[in-house]
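Structure file structure14.txt (compact mmCIF, C-alpha atoms) is printed below.
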```txt
# COMPACT_ATOMS: atom_id res chain seq x y z
CA MET A 78 -2.46 21.00 -28.76
CA LYS A 79 -4.01 17.60 -28.12
CA ALA A 80 -4.82 16.91 -24.49
CA GLY A 81 -6.18 13.85 -22.69
CA ILE A 82 -9.19 14.96 -20.62
CA TYR A 83 -10.64 12.88 -17.79
CA LEU A 84 -14.45 12.83 -17.83
CA GLY A 85 -15.18 10.24 -15.14
CA LYS A 86 -15.34 6.50 -14.79
CA GLU A 87 -14.11 4.88 -18.03
CA GLN A 88 -14.47 8.16 -19.89
CA ILE A 89 -11.55 9.92 -21.58
CA GLU A 90 -11.62 12.40 -24.41
CA LEU A 91 -8.82 13.77 -26.58
CA ARG A 92 -9.44 17.49 -27.02
CA GLU A 93 -7.81 20.33 -28.91
CA LEU A 94 -6.74 23.03 -26.46
CA PRO A 95 -4.77 26.25 -26.98
CA ILE A 96 -1.03 25.92 -26.40
CA PRO A 97 -0.35 27.82 -23.15
CA GLU A 98 1.07 31.33 -23.35
CA VAL A 99 4.61 31.58 -21.97
CA GLY A 100 5.28 34.35 -19.46
CA ASP A 101 8.61 36.05 -18.84
CA GLU A 102 9.59 33.56 -16.08
CA ASP A 103 8.02 30.46 -17.61
CA VAL A 104 9.07 27.43 -19.62
CA LEU A 105 6.97 25.48 -22.11
CA VAL A 106 7.77 21.79 -22.50
CA GLU A 107 6.59 19.28 -25.08
CA ASN A 108 6.03 15.80 -23.69
CA ILE A 109 7.95 13.02 -25.46
CA TYR A 110 6.83 9.89 -23.59
CA SER A 111 4.45 9.52 -20.66
CA SER A 112 3.99 6.45 -18.49
CA ILE A 113 0.70 5.20 -17.06
CA CYS A 114 0.58 5.13 -13.27
CA GLY A 115 -1.47 2.69 -11.20
CA THR A 116 -3.47 5.65 -9.93
CA ASP A 117 -4.38 6.55 -13.54
CA VAL A 118 -5.74 3.03 -13.90
CA SER A 119 -7.61 3.28 -10.60
CA VAL A 120 -9.32 6.58 -11.37
CA TYR A 121 -10.20 5.38 -14.88
CA PHE A 122 -11.94 2.21 -13.70
CA HIS A 123 -13.35 3.37 -10.37
CA GLY A 124 -14.11 7.05 -10.84
CA PRO A 125 -13.04 10.33 -9.18
CA GLY A 126 -11.50 10.18 -5.73
CA THR A 127 -9.90 6.75 -6.18
CA GLY A 128 -6.50 7.91 -7.38
CA HIS A 129 -4.66 11.21 -7.43
CA LYS A 130 -6.90 14.27 -7.34
CA VAL A 131 -7.90 14.03 -10.98
CA THR A 132 -10.53 16.65 -11.77
CA VAL A 133 -13.44 15.69 -13.99
CA GLY A 134 -13.05 17.81 -17.12
CA GLY A 135 -9.35 18.39 -16.53
CA GLU A 136 -6.01 17.25 -17.91
CA PHE A 137 -4.24 14.38 -16.16
CA GLY A 138 -1.10 12.21 -16.21
CA HIS A 139 2.13 12.92 -14.32
CA GLU A 140 4.88 10.44 -15.31
CA THR A 141 6.58 12.08 -18.26
CA VAL A 142 9.80 13.13 -19.96
CA SER A 143 9.73 16.35 -21.93
CA ARG A 144 11.74 18.70 -24.09
CA ILE A 145 11.87 22.46 -23.66
CA VAL A 146 10.40 24.25 -26.68
CA LYS A 147 10.08 27.83 -25.41
CA VAL A 148 11.46 29.91 -22.53
CA GLY A 149 10.42 33.29 -21.18
CA LYS A 150 12.68 36.28 -21.77
CA ASN A 151 13.89 36.29 -18.15
CA VAL A 152 14.68 32.55 -18.01
CA THR A 153 18.41 31.80 -17.90
CA ASP A 154 18.45 28.34 -16.27
CA PHE A 155 17.11 26.44 -19.29
CA THR A 156 17.65 26.26 -23.04
CA VAL A 157 15.35 25.30 -25.89
CA GLY A 158 15.88 21.67 -26.88
CA GLU A 159 16.97 20.55 -23.40
CA ARG A 160 15.42 17.27 -22.24
CA VAL A 161 13.89 17.49 -18.77
CA TYR A 162 11.85 15.62 -16.19
CA PRO A 163 8.99 17.71 -14.72
CA TYR A 164 8.63 17.15 -10.97
CA PRO A 165 4.83 16.72 -10.63
CA ARG A 166 4.45 18.39 -7.24
CA PHE A 167 5.86 21.73 -8.39
CA ALA A 168 5.70 21.62 -12.19
CA THR A 169 2.44 23.52 -12.62
CA GLY A 170 2.84 25.77 -9.60
CA ASP A 171 -0.06 24.00 -7.84
CA THR A 172 1.01 21.27 -5.39
CA LYS A 173 -2.56 19.91 -5.34
CA ARG A 174 -2.14 18.91 -8.99
CA ALA A 175 0.78 16.52 -8.41
CA GLY A 176 -1.03 13.72 -10.26
CA THR A 177 -2.64 15.87 -12.92
CA ILE A 178 0.03 18.06 -14.46
CA GLY A 179 -0.93 17.17 -18.04
CA GLY A 180 1.33 14.24 -18.76
CA PHE A 181 -1.20 13.08 -21.37
CA SER A 182 -1.22 16.48 -23.05
CA GLU A 183 1.22 17.48 -25.76
CA TYR A 184 2.50 20.52 -23.85
CA ILE A 185 2.85 21.63 -20.22
CA LEU A 186 3.45 25.19 -19.05
CA ILE A 187 6.00 25.33 -16.21
CA PRO A 188 5.53 28.70 -14.44
CA ASN A 189 8.48 30.30 -12.63
CA ALA A 190 10.64 27.31 -13.56
CA LYS A 191 13.64 26.49 -11.39
CA ARG A 192 16.27 23.85 -12.10
CA ASN A 193 16.39 20.84 -9.77
CA HIS A 194 13.08 21.85 -8.27
CA TRP A 195 10.47 22.32 -11.02
CA LEU A 196 12.51 20.66 -13.76
CA TYR A 197 15.46 18.24 -13.70
CA SER A 198 17.85 17.63 -16.59
CA VAL A 199 17.82 14.07 -17.92
CA ASP A 200 21.08 12.22 -18.52
CA GLU A 201 21.63 11.80 -22.27
CA ARG A 202 22.40 8.10 -21.76
CA ILE A 203 18.80 7.41 -20.69
CA SER A 204 16.44 6.64 -23.58
CA ASP A 205 13.24 8.66 -23.97
CA ARG A 206 11.09 5.63 -23.13
CA LEU A 207 13.00 4.79 -19.98
CA ALA A 208 13.16 8.44 -18.92
CA SER A 209 9.36 8.47 -18.68
CA LEU A 210 9.79 6.08 -15.73
CA ILE A 211 11.96 8.46 -13.70
CA GLU A 212 8.90 9.59 -11.71
CA PRO A 213 7.69 6.14 -10.54
CA PHE A 214 11.27 5.01 -10.04
CA THR A 215 11.91 7.93 -7.70
CA VAL A 216 8.89 6.85 -5.64
CA GLY A 217 10.26 3.31 -5.42
CA CYS A 218 13.76 4.61 -4.70
CA ARG A 219 12.48 6.75 -1.82
CA ALA A 220 10.61 3.77 -0.37
CA ALA A 221 13.74 1.60 -0.53
CA ARG A 222 15.79 4.40 1.03
CA ARG A 223 13.29 4.62 3.88
CA GLY A 224 13.81 0.91 4.46
CA MET A 225 17.59 1.17 4.74
CA ILE A 226 19.62 1.92 7.89
CA PRO A 227 22.12 4.81 7.54
CA ASP A 228 25.70 4.01 8.53
CA GLY A 229 26.48 7.60 9.55
CA LYS A 230 28.77 8.13 6.55
CA ASN A 231 26.17 9.10 3.92
CA LYS A 232 25.74 5.44 2.99
CA TYR A 233 23.66 2.54 4.25
CA ILE A 234 24.33 -0.63 6.22
CA SER A 235 24.71 -3.43 3.68
CA GLY A 236 24.17 -7.15 3.98
CA GLN A 237 20.53 -7.09 5.07
CA ASN A 238 17.49 -8.69 3.43
CA ALA A 239 14.28 -7.24 2.00
CA VAL A 240 10.98 -8.45 0.58
CA ILE A 241 8.67 -6.37 -1.62
CA PHE A 242 4.98 -7.11 -2.09
CA GLY A 243 3.79 -5.87 -5.47
CA SER A 244 5.66 -6.10 -8.78
CA GLY A 245 4.30 -3.04 -10.52
CA THR A 246 6.72 -0.34 -11.63
CA ILE A 247 7.16 1.08 -8.11
CA GLY A 248 7.71 -2.36 -6.58
CA ILE A 249 10.29 -3.25 -9.22
CA ALA A 250 11.94 0.15 -8.78
CA ALA A 251 12.19 -0.49 -5.02
CA ALA A 252 13.72 -3.91 -5.67
CA VAL A 253 16.40 -2.42 -7.92
CA ALA A 254 17.05 0.45 -5.49
CA PHE A 255 17.45 -2.00 -2.59
CA GLN A 256 20.18 -3.75 -4.57
CA TYR A 257 21.76 -0.40 -5.44
CA PHE A 258 21.80 0.62 -1.77
CA GLY A 259 23.38 -2.65 -0.63
CA MET A 260 20.66 -5.09 0.40
CA LYS A 261 22.15 -8.61 0.32
CA LYS A 262 19.05 -10.55 -0.73
CA VAL A 263 15.83 -9.19 -2.24
CA MET A 264 12.59 -11.02 -3.00
CA VAL A 265 9.53 -9.74 -4.87
CA CYS A 266 6.09 -11.26 -4.24
CA ASP A 267 3.01 -10.95 -6.42
CA TYR A 268 0.12 -12.94 -7.86
CA SER A 269 1.13 -12.08 -11.45
CA ASP A 270 3.67 -14.53 -12.84
CA PHE A 271 4.11 -12.25 -15.85
CA ARG A 272 5.25 -9.32 -13.72
CA LEU A 273 7.25 -11.54 -11.39
CA ASN A 274 9.29 -12.74 -14.35
CA LEU A 275 10.05 -9.12 -15.26
CA ALA A 276 11.37 -8.65 -11.73
CA LYS A 277 13.37 -11.89 -11.84
CA GLU A 278 15.29 -10.64 -14.89
CA LEU A 279 16.59 -7.83 -12.66
CA GLY A 280 18.35 -10.17 -10.27
CA VAL A 281 15.86 -10.72 -7.46
CA ALA A 282 14.14 -13.82 -6.11
CA ILE A 283 10.40 -14.14 -6.70
CA CYS A 284 7.43 -15.76 -4.96
CA ASN A 285 3.79 -16.14 -5.97
CA PRO A 286 1.90 -16.60 -2.66
CA GLN A 287 -1.12 -17.99 -4.52
CA LYS A 288 0.99 -20.94 -5.65
CA GLU A 289 3.74 -21.13 -3.03
CA ASP A 290 3.87 -21.01 0.77
CA PHE A 291 5.53 -17.66 1.44
CA ALA A 292 6.51 -18.55 5.01
CA VAL A 293 8.30 -21.67 3.83
CA LYS A 294 9.92 -20.20 0.71
CA SER A 295 11.13 -17.08 2.50
CA LYS A 296 12.81 -19.18 5.20
CA GLU A 297 14.54 -21.24 2.53
CA TYR A 298 15.80 -18.15 0.72
CA PHE A 299 16.63 -15.78 3.56
CA GLY A 300 17.43 -18.24 6.34
CA THR A 301 15.82 -17.93 9.77
CA ALA A 302 15.78 -15.50 12.67
CA PRO A 303 13.83 -15.23 15.93
CA SER A 304 10.42 -13.59 16.25
CA LEU A 305 7.99 -13.45 19.18
CA ASN A 306 6.20 -16.39 17.55
CA GLY A 307 9.30 -18.55 17.03
CA GLN A 308 11.72 -18.92 14.13
CA THR A 309 10.76 -16.96 11.02
CA ALA A 310 12.36 -15.73 7.80
CA ASN A 311 15.41 -13.50 8.28
CA ILE A 312 13.85 -10.46 6.57
CA ASP A 313 15.00 -7.07 7.81
CA CYS A 314 12.63 -4.94 5.72
CA TRP A 315 9.13 -5.63 4.41
CA LEU A 316 7.90 -3.19 1.76
CA ASP A 317 4.27 -2.89 0.70
CA ALA A 318 4.07 -1.66 -2.91
CA GLY A 319 0.49 -2.67 -3.57
CA ALA A 320 -0.78 -5.77 -1.75
CA GLU A 321 -3.57 -6.30 0.77
CA ASN A 322 -3.13 -7.56 4.33
CA ILE A 323 0.69 -7.44 4.21
CA LEU A 324 0.81 -5.42 7.41
CA ASP A 325 -1.01 -8.26 9.18
CA ASP A 326 1.49 -10.76 7.77
CA PHE A 327 4.35 -8.57 8.94
CA MET A 328 2.96 -8.44 12.45
CA GLN A 329 2.66 -12.22 12.54
CA LEU A 330 5.82 -13.22 10.64
CA GLY A 331 8.21 -10.29 11.04
CA LYS A 332 11.38 -11.03 12.95
CA ILE A 333 12.54 -9.05 15.98
CA GLU A 334 13.80 -5.58 14.97
CA SER A 335 12.28 -5.84 11.50
CA ARG A 336 10.69 -2.84 9.80
CA PHE A 337 7.73 -2.31 7.49
CA VAL A 338 7.65 0.37 4.77
CA SER A 339 4.35 1.41 3.22
CA VAL A 340 4.48 3.10 -0.18
CA ALA A 341 1.17 1.72 -1.50
CA VAL A 342 -1.85 4.01 -1.29
CA ASN A 343 -3.61 2.33 1.64
CA ASN A 344 -6.54 4.40 2.91
CA LYS A 345 -8.32 1.78 4.98
CA PRO A 346 -8.13 2.00 8.80
CA ARG A 347 -5.81 -0.61 10.32
CA ASN A 348 -5.59 -2.07 13.80
CA ILE A 349 -2.05 -2.31 15.20
CA ASP A 350 -1.00 -4.17 18.32
CA LEU A 351 1.43 -1.60 19.71
CA LEU A 352 2.34 -3.74 22.69
CA TYR A 353 3.37 -6.59 20.38
CA MET A 354 5.41 -4.16 18.28
CA THR A 355 7.05 -2.82 21.42
CA TYR A 356 8.21 -6.24 22.56
CA ALA A 357 9.23 -7.20 19.00
CA GLN A 358 11.04 -3.85 18.56
CA GLN A 359 9.45 -3.45 15.13
CA SER A 360 8.98 -0.27 13.11
CA ILE A 361 6.34 0.93 10.65
CA ILE A 362 7.58 3.56 8.19
CA GLY A 363 5.64 5.64 5.68
CA SER A 364 7.05 6.65 2.31
CA GLY A 365 5.27 9.17 0.12
CA GLY A 366 6.74 11.06 -2.82
CA TYR A 367 10.48 11.62 -3.14
CA MET A 368 13.34 14.09 -2.73
CA PRO A 369 16.01 15.50 -5.07
CA GLU A 370 18.49 12.81 -3.99
CA ASP A 371 16.08 10.19 -5.32
CA VAL A 372 16.06 11.81 -8.78
CA ARG A 373 19.88 11.74 -8.69
CA ASP A 374 20.08 8.11 -7.60
CA VAL A 375 17.45 6.95 -10.10
CA GLN A 376 19.42 8.48 -12.96
CA ASN A 377 22.55 6.78 -11.62
CA ILE A 378 20.65 3.49 -11.49
CA MET A 379 19.38 3.96 -15.04
CA THR A 380 22.85 4.69 -16.43
CA CYS A 381 25.10 2.31 -14.46
CA GLY A 382 24.52 -0.55 -16.91
CA LYS A 383 23.75 -3.18 -14.26
CA TRP A 384 20.04 -3.52 -15.02
CA ASN A 385 18.17 -3.54 -18.34
CA LEU A 386 15.27 -1.53 -16.98
CA GLU A 387 13.60 -0.78 -20.30
CA ASN A 388 12.52 -4.43 -20.44
CA ILE A 389 9.78 -3.73 -17.90
CA ILE A 390 8.06 -1.58 -20.56
CA THR A 391 5.93 -4.13 -22.35
CA HIS A 392 3.54 -1.94 -24.37
CA GLU A 393 3.64 1.40 -26.20
CA PHE A 394 0.66 3.33 -27.58
CA PRO A 395 0.18 6.64 -29.40
CA LEU A 396 -1.75 9.36 -27.57
CA PRO A 397 -5.03 8.81 -29.49
CA GLU A 398 -5.14 5.28 -28.00
CA LEU A 399 -4.86 6.49 -24.38
CA ALA A 400 -7.97 4.67 -23.16
CA GLN A 401 -6.78 1.38 -24.66
CA ALA A 402 -3.37 1.94 -23.10
CA ILE A 403 -4.89 2.38 -19.64
CA ARG A 404 -6.99 -0.75 -20.07
CA THR A 405 -3.85 -2.63 -21.11
CA ALA A 406 -1.95 -1.33 -18.07
CA SER A 407 -4.66 -2.84 -15.86
CA ASP A 408 -4.00 -6.35 -17.25
CA VAL A 409 -1.44 -7.67 -14.77
CA VAL A 410 -1.46 -11.07 -16.50
CA ARG A 411 -0.14 -9.72 -19.79
CA ALA A 412 1.33 -6.28 -19.20
CA GLY A 413 4.09 -4.60 -17.26
CA ASN A 414 4.68 -0.90 -17.64
CA VAL A 415 2.74 0.84 -20.43
CA VAL A 416 3.91 4.09 -22.03
CA ILE A 417 2.34 6.66 -24.33
CA ARG A 418 4.35 8.00 -27.25
CA MET A 419 3.54 11.72 -27.07
CA ALA A 420 5.88 13.26 -29.64
CA ASP A 421 8.50 12.18 -32.13
CA ALA A 422 12.03 13.53 -31.89
CA LYS A 423 12.44 17.01 -33.41
CA GLU A 424 15.30 19.41 -34.03
CA TYR A 425 15.13 22.65 -32.05
```

Would you mind giving the structure from this file in structure tokens?
Amino acid sequence: MKAGIYLGKEQIELRELPIPEVGDEDVLVENIYSSICGTDVSVYFHGPGTGHKVTVGGEFGHETVSRIVKVGKNVTDFTVGERVYPYPRFATGDTKRAGTIGGFSEYILIPNAKRNHWLYSVDERISDRLASLIEPFTVGCRAARRGMIPDGKNKYISGQNAVIFGSGTIGIAAAVAFQYFGMKKVMVCDYSDFRLNLAKELGVAICNPQKEDFAVKSKEYFGTAPSLNGQTANIDCWLDAGAENILDDFMQLGKIESRFVSVAVNNKPRNIDLLYMTYAQQSIIGSGGYMPEDVRDVQNIMTCGKWNLENIITHEFPLPELAQAIRTASDVVRAGNVVIRMADAKEY
């Protein structure tokens, strides 16, 4: 099989590796489409340790949709030909490899496969290309869920307002999920007009803080509410999906009882004025990964017909052009989501 191998900063090689042997409890899947994650871009341009734990000399990639091509003799949960989404944390049996399961390889071995844990079935109404975005969409969905307030009846309080900073795939996914969960008004902020326009097509307001005064525009769109510093935008939830210094802005501009959700990979130490937060009754919430309910809701979102989500995929490349695809994905001025075509449709 062909496999994308990470060799360090700006170094990728396509190698021929043996197709994994399938044990009695295992499943072998062939990847159909794989999406490029922001952490793939980061580790490509900045070297090891800057994204997921991508091992030099190892396979990588984790946003993929696959088809089962072989099952072990004791496997009864899955059938050959079934289309599935491999959950990166458990797919390879090694939770440390969540970002490096081999999404840019033609095949992945799923040891001791279990349905709705290692592998999830993919609704037939979702195209192969869009299905490769289930993984990042579940991350965005979980972040939006963390920013909602439960109503005690397995739903969420509707009619609130949210702003997302970052219009990559996860930011856009969070914006769509906020609408799905019942947020009244949603705004996406970014410096890339190209990506902002992709978000706008999905029914949200947009703001480019490099060109517009966010404090002014957000008040105009959301209305006003009290903060410890006076009247501010009536934003209930701020969500950081990949922007610097947004926590500082939240502390200064967040209204009383507002909350901040961090889904971006922020590893820099931050200073927080806990006394200010106490008096403002604000909350800071972390969101990492996702749960089975997020996979369910993302597939509902992708099949409900309300949003044309495939439009955020702006480029497609074959596997031999993986390096060019990653470079393209880094171009926020001209590219949205970038996918790799791993395999053509086959009959099984």

Long-range neighbours of Gly134 (chain A) as a PyMOL selection string, 10 Å cut-off, all atoms listed in the file, 4 positions minimum in chain: chain A and resi 81-85+89-90

Given only C-alpha atoms as the counted atoms, nearest of A:Cys314, A:Ile249, A:Ala357, A:Val216 to Val340 (chain A):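 Using only C-alpha atoms, the shortest distance to Val340 (chain A) belongs to A:Val216.
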
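Distances to Ile349 (chain A) were evaluated for A:Leu324, A:Ile362, A:Val120, A:Ala208 using only C-alpha atoms, and the minimum falls at A:Leu324.
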
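When only C-alpha atoms are used to compute distances to Thr169 (chain A), the closest of the residues A:Tyr268, A:Tyr184, A:Tyr298, A:Trp195 turns out to be A:Trp195.
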
Could you give me, as a tab-separated table, every region 274-389 of chain A residue with an atom at most 12 Å from region 398-420 of chain A, plus its closest atom pair and distance in Å to one decimal, counting all atoms listed in the file, rows ordered by chain then number?
```
residue	atom	partner	partner_atom	distance
A:Asn274	CA	A:Gly413	CA	10.1
A:Leu275	CA	A:Gly413	CA	7.7
A:Ala276	CA	A:Gly413	CA	10.0
A:Leu386	CA	A:Asn414	CA	10.6
A:Glu387	CA	A:Asn414	CA	9.3
A:Asn388	CA	A:Gly413	CA	9.0
A:Ile389	CA	A:Gly413	CA	5.8
```

Point-to-point distance in Å for CA of Pro369 (chain A) and CA of Pro163 (chain A): 12.1 Å

Distance criterion (all atoms listed in the file): nearest to Gly319 (chain A) out of A:Tyr121, A:Phe167, A:Phe155, A:Phe242: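 When distances to Gly319 (chain A) are compared using all atoms listed in the file, the smallest one comes from A:Phe242.
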
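Counting from CA of Ser204 (chain A), the distance to CA of Tyr257 (chain A) is 20.2 Å.
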
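The spacing separating CA of Lys147 (chain A) from CA of Lys173 (chain A) amounts to 25.0 Å.
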
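Restricting the calculation to only C-alpha atoms, the smallest distance between Asn311 (chain A) and any of A:Ile211, A:Ile323, A:Val253, A:Ala239 is found for A:Ala239.
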
Selected residue, from A:Asp317, A:Glu289, A:Glu107, A:Asp228, that lies nearest to Ile247 (chain A) when counting only C-alpha atoms: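 Using only C-alpha atoms, the shortest distance to Ile247 (chain A) belongs to A:Asp317.
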
Report as AutoDock Vina command-line options the centre and the edge lengths, in Å to one decimal, of the axis-aligned box holding every listed atom of region 113-119 of chain A, padded by 8 Å on each side.
```
--center_x -3.5 --center_y 4.6 --center_z -13.5 --size_x 24.3 --size_y 19.9 --size_z 23.1
```

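Taking only C-alpha atoms into account, the polymer residues that have an atom no farther than 10 Å from (2.4, -7.9, 8.5) are Trp315, Leu316, Asp317, Glu321, Asn322, Ile323, Leu324, Asp325, Asp326, Phe327, Met328, Gln329, Leu330, Gly331, Arg336, Phe337, Ile349 and Ile361 of chain A.
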
Spatial neighbours of Val372 (chain A), max dist 9 Å, all atoms listed in the file, sep filter under 6 positions, as a PyMOL selection string: chain A and resi 197+211-212+214-215+218

N, CA, C and O atoms are what I want for region 298-309 of chain A; can you complete it accordingly and write them as a PDB file, in the coordinates of the input?
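Wrote it out as selection_20.pdb, contents follow:
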```pdb
ATOM      1  N   TYR A 298      14.974 -19.115   1.447  1.00  0.00           N
ATOM      2  CA  TYR A 298      15.800 -18.150   0.720  1.00  0.00           C
ATOM      3  C   TYR A 298      16.608 -17.251   1.648  1.00  0.00           C
ATOM      4  O   TYR A 298      17.806 -17.021   1.424  1.00  0.00           O
ATOM      5  N   PHE A 299      15.972 -16.750   2.686  1.00  0.00           N
ATOM      6  CA  PHE A 299      16.630 -15.780   3.560  1.00  0.00           C
ATOM      7  C   PHE A 299      17.306 -16.419   4.780  1.00  0.00           C
ATOM      8  O   PHE A 299      18.107 -15.760   5.449  1.00  0.00           O
ATOM      9  N   GLY A 300      16.989 -17.669   5.073  1.00  0.00           N
ATOM     10  CA  GLY A 300      17.430 -18.240   6.340  1.00  0.00           C
ATOM     11  C   GLY A 300      16.446 -17.847   7.440  1.00  0.00           C
ATOM     12  O   GLY A 300      15.401 -17.246   7.174  1.00  0.00           O
ATOM     13  N   THR A 301      16.766 -18.164   8.677  1.00  0.00           N
ATOM     14  CA  THR A 301      15.820 -17.930   9.770  1.00  0.00           C
ATOM     15  C   THR A 301      16.381 -16.981  10.821  1.00  0.00           C
ATOM     16  O   THR A 301      17.584 -16.766  10.929  1.00  0.00           O
ATOM     17  N   ALA A 302      15.451 -16.416  11.580  1.00  0.00           N
ATOM     18  CA  ALA A 302      15.780 -15.500  12.670  1.00  0.00           C
ATOM     19  C   ALA A 302      14.640 -15.562  13.689  1.00  0.00           C
ATOM     20  O   ALA A 302      13.534 -15.994  13.360  1.00  0.00           O
ATOM     21  N   PRO A 303      14.877 -15.132  14.916  1.00  0.00           N
ATOM     22  CA  PRO A 303      13.830 -15.230  15.930  1.00  0.00           C
ATOM     23  C   PRO A 303      12.760 -14.147  15.800  1.00  0.00           C
ATOM     24  O   PRO A 303      13.045 -13.012  15.424  1.00  0.00           O
ATOM     25  N   SER A 304      11.524 -14.528  16.106  1.00  0.00           N
ATOM     26  CA  SER A 304      10.420 -13.590  16.250  1.00  0.00           C
ATOM     27  C   SER A 304       9.712 -13.921  17.570  1.00  0.00           C
ATOM     28  O   SER A 304      10.070 -14.905  18.242  1.00  0.00           O
ATOM     29  N   LEU A 305       8.728 -13.147  17.957  1.00  0.00           N
ATOM     30  CA  LEU A 305       7.990 -13.450  19.180  1.00  0.00           C
ATOM     31  C   LEU A 305       7.194 -14.739  19.043  1.00  0.00           C
ATOM     32  O   LEU A 305       6.794 -15.342  20.042  1.00  0.00           O
ATOM     33  N   ASN A 306       6.974 -15.178  17.797  1.00  0.00           N
ATOM     34  CA  ASN A 306       6.200 -16.390  17.550  1.00  0.00           C
ATOM     35  C   ASN A 306       7.088 -17.581  17.186  1.00  0.00           C
ATOM     36  O   ASN A 306       6.584 -18.602  16.723  1.00  0.00           O
ATOM     37  N   GLY A 307       8.394 -17.461  17.385  1.00  0.00           N
ATOM     38  CA  GLY A 307       9.300 -18.550  17.030  1.00  0.00           C
ATOM     39  C   GLY A 307      10.168 -18.178  15.860  1.00  0.00           C
ATOM     40  O   GLY A 307      10.262 -17.018  15.453  1.00  0.00           O
ATOM     41  N   GLN A 308      10.831 -19.171  15.268  1.00  0.00           N
ATOM     42  CA  GLN A 308      11.720 -18.920  14.130  1.00  0.00           C
ATOM     43  C   GLN A 308      10.920 -18.501  12.903  1.00  0.00           C
ATOM     44  O   GLN A 308       9.875 -19.090  12.590  1.00  0.00           O
ATOM     45  N   THR A 309      11.424 -17.491  12.209  1.00  0.00           N
ATOM     46  CA  THR A 309      10.760 -16.960  11.020  1.00  0.00           C
ATOM     47  C   THR A 309      11.827 -16.593   9.998  1.00  0.00           C
ATOM     48  O   THR A 309      13.026 -16.780  10.242  1.00  0.00           O
TER      49      THR A 309
END
```
